[in-house]
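start-v4.cif, holding mmCIF, C-alpha atoms:
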data_target
#
loop_
_atom_site.group_PDB
_atom_site.id
_atom_site.type_symbol
_atom_site.label_atom_id
_atom_site.label_comp_id
_atom_site.auth_asym_id
_atom_site.auth_seq_id
_atom_site.Cartn_x
_atom_site.Cartn_y
_atom_site.Cartn_z
ATOM 1 C CA MET A 1 -67.651 -39.120 -68.032
ATOM 2 C CA LEU A 2 -64.583 -38.823 -65.802
ATOM 3 C CA ASP A 3 -66.103 -35.701 -64.259
ATOM 4 C CA VAL A 4 -68.696 -37.865 -62.502
ATOM 5 C CA PHE A 5 -65.997 -39.841 -60.668
ATOM 6 C CA ILE A 6 -63.284 -37.216 -60.320
ATOM 7 C CA THR A 7 -65.052 -34.037 -59.313
ATOM 8 C CA SER A 8 -61.990 -31.784 -59.121
ATOM 9 C CA ARG A 9 -61.479 -30.289 -62.591
ATOM 10 C CA VAL A 10 -57.789 -29.633 -61.942
ATOM 11 C CA ARG A 11 -57.169 -33.152 -60.579
ATOM 12 C CA ARG A 12 -58.968 -34.652 -63.567
ATOM 13 C CA LYS A 13 -56.793 -32.717 -66.028
ATOM 14 C CA ILE A 14 -53.625 -33.759 -64.207
ATOM 15 C CA ILE A 15 -54.617 -37.421 -64.105
ATOM 16 C CA VAL A 16 -55.457 -37.405 -67.815
ATOM 17 C CA ILE A 17 -52.066 -35.909 -68.729
ATOM 18 C CA TYR A 18 -49.994 -38.240 -66.553
ATOM 19 C CA ALA A 19 -52.050 -41.357 -67.378
ATOM 20 C CA LYS A 20 -51.954 -40.778 -71.145
ATOM 21 C CA TYR A 21 -48.286 -39.808 -71.184
ATOM 22 C CA PRO A 22 -46.490 -41.809 -68.450
ATOM 23 C CA ASP A 23 -43.056 -40.524 -69.534
ATOM 24 C CA PHE A 24 -44.182 -36.897 -69.160
ATOM 25 C CA LYS A 25 -42.232 -34.847 -66.603
ATOM 26 C CA THR A 26 -42.803 -31.246 -65.649
ATOM 27 C CA HIS A 27 -42.840 -28.735 -62.831
ATOM 28 C CA VAL A 28 -45.846 -26.853 -61.455
ATOM 29 C CA ARG A 29 -45.508 -23.780 -63.688
ATOM 30 C CA GLY A 30 -45.014 -25.857 -66.841
ATOM 31 C CA LEU A 31 -48.124 -27.859 -66.064
ATOM 32 C CA ALA A 32 -50.044 -24.658 -65.290
ATOM 33 C CA LYS A 33 -49.265 -23.337 -68.777
ATOM 34 C CA LEU A 34 -50.181 -26.644 -70.392
ATOM 35 C CA ILE A 35 -53.579 -27.138 -68.753
ATOM 36 C CA LYS A 36 -54.326 -23.423 -68.231
ATOM 37 C CA GLU A 37 -55.033 -23.632 -64.506
ATOM 38 C CA ASP A 38 -53.804 -21.768 -61.435
ATOM 39 C CA ALA A 39 -50.388 -22.939 -60.220
ATOM 40 C CA GLY A 40 -51.534 -22.948 -56.577
ATOM 41 C CA ASN A 41 -54.407 -25.330 -57.316
ATOM 42 C CA ILE A 42 -52.119 -27.507 -59.411
ATOM 43 C CA GLN A 43 -49.519 -27.695 -56.663
ATOM 44 C CA ARG A 44 -52.147 -28.791 -54.134
ATOM 45 C CA GLU A 45 -53.417 -31.545 -56.435
ATOM 46 C CA LEU A 46 -49.907 -32.707 -57.334
ATOM 47 C CA LYS A 47 -49.126 -33.129 -53.633
ATOM 48 C CA ARG A 48 -52.312 -35.160 -53.144
ATOM 49 C CA LEU A 49 -51.554 -37.373 -56.131
ATOM 50 C CA GLU A 50 -47.988 -37.873 -54.929
ATOM 51 C CA LYS A 51 -49.219 -38.777 -51.443
ATOM 52 C CA VAL A 52 -51.422 -41.600 -52.821
ATOM 53 C CA GLY A 53 -48.548 -42.832 -55.003
ATOM 54 C CA PHE A 54 -49.804 -41.933 -58.488
ATOM 55 C CA LEU A 55 -47.020 -39.366 -58.997
ATOM 56 C CA ILE A 56 -43.417 -39.196 -57.906
ATOM 57 C CA SER A 57 -41.247 -36.110 -57.681
ATOM 58 C CA GLU A 58 -37.586 -35.288 -57.773
ATOM 59 C CA ARG A 59 -35.669 -32.114 -57.112
ATOM 60 C CA GLN A 60 -33.830 -30.512 -59.984
ATOM 61 C CA GLY A 61 -32.108 -27.531 -58.446
ATOM 62 C CA ASN A 62 -34.799 -25.393 -56.822
ATOM 63 C CA THR A 63 -37.542 -27.008 -58.891
ATOM 64 C CA LYS A 64 -39.645 -30.046 -58.050
ATOM 65 C CA VAL A 65 -40.392 -32.125 -61.160
ATOM 66 C CA TYR A 66 -43.335 -34.541 -61.176
ATOM 67 C CA SER A 67 -43.734 -37.726 -63.204
ATOM 68 C CA THR A 68 -45.982 -40.767 -63.294
ATOM 69 C CA ASN A 69 -45.158 -43.531 -60.840
ATOM 70 C CA LYS A 70 -45.018 -46.471 -63.222
ATOM 71 C CA GLN A 71 -45.205 -48.827 -60.230
ATOM 72 C CA PHE A 72 -48.591 -47.411 -59.143
ATOM 73 C CA PRO A 73 -50.775 -50.506 -58.561
ATOM 74 C CA ILE A 74 -53.742 -49.372 -60.669
ATOM 75 C CA LEU A 75 -51.887 -47.376 -63.343
ATOM 76 C CA ARG A 76 -52.938 -49.648 -66.232
ATOM 77 C CA GLU A 77 -56.578 -49.562 -65.143
ATOM 78 C CA LEU A 78 -56.474 -45.791 -64.759
ATOM 79 C CA GLN A 79 -54.947 -45.415 -68.224
ATOM 80 C CA SER A 80 -57.696 -47.611 -69.642
ATOM 81 C CA ILE A 81 -60.409 -45.555 -67.940
ATOM 82 C CA VAL A 82 -58.926 -42.293 -69.247
ATOM 83 C CA LEU A 83 -58.719 -43.593 -72.820
ATOM 84 C CA LYS A 84 -62.230 -45.056 -72.720
ATOM 85 C CA SER A 85 -63.732 -41.868 -71.309
ATOM 86 C CA GLN A 86 -62.042 -39.781 -74.011
ATOM 87 C CA ARG A 87 -63.313 -42.135 -76.724
ATOM 88 C CA SER A 88 -66.795 -41.856 -75.260
ATOM 89 C CA VAL A 89 -66.655 -38.048 -75.387
ATOM 90 C CA GLN A 90 -65.386 -38.133 -78.991
ATOM 91 C CA GLN A 91 -68.158 -40.528 -80.045
ATOM 92 C CA LYS A 92 -70.800 -38.303 -78.463
ATOM 93 C CA ARG A 93 -69.447 -35.332 -80.428
ATOM 94 C CA VAL A 94 -69.574 -37.285 -83.697
ATOM 95 C CA THR A 95 -73.060 -38.721 -83.170
ATOM 96 C CA GLY A 96 -74.505 -35.800 -81.193
#
Render the structure in this file as structure tokens.
Amino acid sequence: MLDVFITSRVRRKIIVIYAKYPDFKTHVRGLAKLIKEDAGNIQRELKRLEKVGFLISERQGNTKVYSTNKQFPILRELQSIVLKSQRSVQQKRVTG
């Protein structure tokens, strides 16, 4: 269901991870391994999500680590949408 509203597959995966797990922190390569996507595409999407305020980053040595901005104005709503869409997919699998 989220794919209708968020058309970028990589962005959708990133949003799901950071919305479901707001204490999650990682760098581009770690996230690439986790969601099995190209690091270049991930980096582009992380920058976009940071620019709109959903993510924040901090430097740890030469590495930029991203985490959820818990002050993001619509974080709770986004978390709710992610959880509801995942429940919907699970219910379709059970009944389908």
Please identify all polymer residues within 10 Å of segment 67-84 of chain A, counting all atoms listed in the file, omitting same-chain residues fewer than 4 positions from it, and present them as a PDB file with C-alpha atoms, in the frame of the given file.
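Below is the file that was written, selection01.pdb:
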ATOM      1  CA  MET A   1     -67.651 -39.120 -68.032  1.00  0.00           C
ATOM      2  CA  LEU A   2     -64.583 -38.823 -65.802  1.00  0.00           C
ATOM      3  CA  ARG A  12     -58.968 -34.652 -63.567  1.00  0.00           C
ATOM      4  CA  ILE A  15     -54.617 -37.421 -64.105  1.00  0.00           C
ATOM      5  CA  VAL A  16     -55.457 -37.405 -67.815  1.00  0.00           C
ATOM      6  CA  ILE A  17     -52.066 -35.909 -68.729  1.00  0.00           C
ATOM      7  CA  TYR A  18     -49.994 -38.240 -66.553  1.00  0.00           C
ATOM      8  CA  ALA A  19     -52.050 -41.357 -67.378  1.00  0.00           C
ATOM      9  CA  LYS A  20     -51.954 -40.778 -71.145  1.00  0.00           C
ATOM     10  CA  TYR A  21     -48.286 -39.808 -71.184  1.00  0.00           C
ATOM     11  CA  PRO A  22     -46.490 -41.809 -68.450  1.00  0.00           C
ATOM     12  CA  ASP A  23     -43.056 -40.524 -69.534  1.00  0.00           C
ATOM     13  CA  PHE A  24     -44.182 -36.897 -69.160  1.00  0.00           C
ATOM     14  CA  LYS A  25     -42.232 -34.847 -66.603  1.00  0.00           C
ATOM     15  CA  THR A  26     -42.803 -31.246 -65.649  1.00  0.00           C
ATOM     16  CA  HIS A  27     -42.840 -28.735 -62.831  1.00  0.00           C
ATOM     17  CA  LEU A  46     -49.907 -32.707 -57.334  1.00  0.00           C
ATOM     18  CA  LEU A  49     -51.554 -37.373 -56.131  1.00  0.00           C
ATOM     19  CA  GLU A  50     -47.988 -37.873 -54.929  1.00  0.00           C
ATOM     20  CA  VAL A  52     -51.422 -41.600 -52.821  1.00  0.00           C
ATOM     21  CA  GLY A  53     -48.548 -42.832 -55.003  1.00  0.00           C
ATOM     22  CA  PHE A  54     -49.804 -41.933 -58.488  1.00  0.00           C
ATOM     23  CA  LEU A  55     -47.020 -39.366 -58.997  1.00  0.00           C
ATOM     24  CA  ILE A  56     -43.417 -39.196 -57.906  1.00  0.00           C
ATOM     25  CA  SER A  57     -41.247 -36.110 -57.681  1.00  0.00           C
ATOM     26  CA  GLU A  58     -37.586 -35.288 -57.773  1.00  0.00           C
ATOM     27  CA  SER A  88     -66.795 -41.856 -75.260  1.00  0.00           C
ATOM     28  CA  VAL A  89     -66.655 -38.048 -75.387  1.00  0.00           C
ATOM     29  CA  GLN A  90     -65.386 -38.133 -78.991  1.00  0.00           C
TER      30      GLN A  90
END
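Picture a line from atom CA of Ala39 of chain A to atom CA of Ser85 of chain A; it runs 25.7 Å.
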Result set of the PyMOL selection byres ((chain A and resi 9) around 12) on the coordinates above, as a short mmCIF file (atom, residue, chain, number, x, y, z; two decimals) with C-alpha atoms, keeping the file's coordinate frame:
data_model
loop_
_atom_site.label_atom_id
_atom_site.label_comp_id
_atom_site.auth_asym_id
_atom_site.auth_seq_id
_atom_site.Cartn_x
_atom_site.Cartn_y
_atom_site.Cartn_z
CA LEU A 2 -64.58 -38.82 -65.80
CA ASP A 3 -66.10 -35.70 -64.26
CA VAL A 4 -68.70 -37.86 -62.50
CA PHE A 5 -66.00 -39.84 -60.67
CA ILE A 6 -63.28 -37.22 -60.32
CA THR A 7 -65.05 -34.04 -59.31
CA SER A 8 -61.99 -31.78 -59.12
CA VAL A 10 -57.79 -29.63 -61.94
CA ARG A 11 -57.17 -33.15 -60.58
CA ARG A 12 -58.97 -34.65 -63.57
CA LYS A 13 -56.79 -32.72 -66.03
CA ILE A 14 -53.62 -33.76 -64.21
CA ILE A 15 -54.62 -37.42 -64.10
CA VAL A 16 -55.46 -37.40 -67.82
CA ILE A 35 -53.58 -27.14 -68.75
CA LYS A 36 -54.33 -23.42 -68.23
CA GLU A 37 -55.03 -23.63 -64.51
CA ASP A 38 -53.80 -21.77 -61.44
CA ASN A 41 -54.41 -25.33 -57.32
CA ILE A 42 -52.12 -27.51 -59.41
CA GLU A 45 -53.42 -31.54 -56.44
#
Two-atom distance - atom CA of Thr63 of chain A, atom CA of Gly30 of chain A (Å):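 Between atom CA of Thr63 of chain A and atom CA of Gly30 of chain A the gap is 11.0 Å.
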Two-atom distance - atom CA of Asn62 of chain A, atom CA of Leu31 of chain A (Å): 16.4 Å
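In this comparison, which uses only C-alpha atoms, the residue of A:Leu34, A:Gly40, A:Val28, A:Arg87 approaching Lys64 of chain A most closely is A:Val28.
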Is it possible to get the axis-aligned box enclosing segment 58-77 of chain A (all listed atoms, 5 Å extra per side) as lines of an AutoDock Vina configuration file, with centre and edge lengths in Å rounded to one decimal?
center_x = -44.3
center_y = -37.9
center_z = -61.5
size_x = 34.5
size_y = 35.1
size_z = 19.4
Reconstruct N, CA and C atoms of segment 15-43 of chain A from the incomplete input and present them as a compact mmCIF listing (two decimals), in the frame of the given file.
# COMPACT_ATOMS: atom_id res chain seq x y z
N ILE A 15 -54.58 -35.96 -63.95
CA ILE A 15 -54.62 -37.42 -64.10
C ILE A 15 -54.63 -37.80 -65.57
N VAL A 16 -55.40 -37.10 -66.38
CA VAL A 16 -55.46 -37.40 -67.82
C VAL A 16 -54.07 -37.24 -68.45
N ILE A 17 -53.40 -36.16 -68.15
CA ILE A 17 -52.07 -35.91 -68.73
C ILE A 17 -51.08 -37.01 -68.32
N TYR A 18 -50.99 -37.28 -67.03
CA TYR A 18 -49.99 -38.24 -66.55
C TYR A 18 -50.36 -39.69 -66.87
N ALA A 19 -51.65 -39.99 -67.01
CA ALA A 19 -52.05 -41.36 -67.38
C ALA A 19 -51.82 -41.60 -68.87
N LYS A 20 -52.14 -40.62 -69.70
CA LYS A 20 -51.95 -40.78 -71.14
C LYS A 20 -50.48 -40.77 -71.55
N TYR A 21 -49.70 -39.98 -70.83
CA TYR A 21 -48.29 -39.81 -71.18
C TYR A 21 -47.41 -40.13 -69.97
N PRO A 22 -47.21 -41.42 -69.67
CA PRO A 22 -46.49 -41.81 -68.45
C PRO A 22 -45.02 -41.38 -68.41
N ASP A 23 -44.44 -41.00 -69.53
CA ASP A 23 -43.06 -40.52 -69.53
C ASP A 23 -42.97 -39.00 -69.39
N PHE A 24 -44.11 -38.35 -69.28
CA PHE A 24 -44.18 -36.90 -69.16
C PHE A 24 -43.63 -36.45 -67.81
N LYS A 25 -42.78 -35.43 -67.83
CA LYS A 25 -42.23 -34.85 -66.60
C LYS A 25 -42.32 -33.34 -66.72
N THR A 26 -42.75 -32.70 -65.64
CA THR A 26 -42.80 -31.25 -65.65
C THR A 26 -42.88 -30.71 -64.23
N HIS A 27 -42.71 -29.42 -64.12
CA HIS A 27 -42.84 -28.74 -62.83
C HIS A 27 -44.19 -28.02 -62.80
N VAL A 28 -44.52 -27.45 -61.66
CA VAL A 28 -45.85 -26.85 -61.46
C VAL A 28 -46.15 -25.79 -62.51
N ARG A 29 -45.24 -24.89 -62.74
CA ARG A 29 -45.51 -23.78 -63.69
C ARG A 29 -45.67 -24.29 -65.12
N GLY A 30 -44.89 -25.28 -65.50
CA GLY A 30 -45.01 -25.86 -66.84
C GLY A 30 -46.37 -26.51 -67.03
N LEU A 31 -46.82 -27.22 -66.00
CA LEU A 31 -48.12 -27.86 -66.06
C LEU A 31 -49.24 -26.82 -66.07
N ALA A 32 -49.05 -25.74 -65.33
CA ALA A 32 -50.04 -24.66 -65.29
C ALA A 32 -50.25 -24.06 -66.68
N LYS A 33 -49.16 -23.86 -67.41
CA LYS A 33 -49.26 -23.34 -68.78
C LYS A 33 -49.97 -24.33 -69.69
N LEU A 34 -49.64 -25.60 -69.53
CA LEU A 34 -50.18 -26.64 -70.39
C LEU A 34 -51.69 -26.81 -70.22
N ILE A 35 -52.15 -26.88 -68.97
CA ILE A 35 -53.58 -27.14 -68.75
C ILE A 35 -54.37 -25.87 -68.42
N LYS A 36 -53.69 -24.73 -68.43
CA LYS A 36 -54.33 -23.42 -68.23
C LYS A 36 -55.13 -23.36 -66.93
N GLU A 37 -54.44 -23.69 -65.84
CA GLU A 37 -55.03 -23.63 -64.51
C GLU A 37 -54.07 -22.91 -63.57
N ASP A 38 -54.58 -22.48 -62.44
CA ASP A 38 -53.80 -21.77 -61.44
C ASP A 38 -52.72 -22.67 -60.82
N ALA A 39 -51.51 -22.16 -60.74
CA ALA A 39 -50.39 -22.94 -60.22
C ALA A 39 -50.61 -23.39 -58.78
N GLY A 40 -51.26 -22.58 -57.97
CA GLY A 40 -51.53 -22.95 -56.58
C GLY A 40 -52.44 -24.16 -56.48
N ASN A 41 -53.50 -24.18 -57.30
CA ASN A 41 -54.41 -25.33 -57.32
C ASN A 41 -53.70 -26.58 -57.83
N ILE A 42 -52.86 -26.38 -58.84
CA ILE A 42 -52.12 -27.51 -59.41
C ILE A 42 -51.17 -28.09 -58.37
N GLN A 43 -50.47 -27.22 -57.67
CA GLN A 43 -49.52 -27.70 -56.66
C GLN A 43 -50.23 -28.52 -55.58
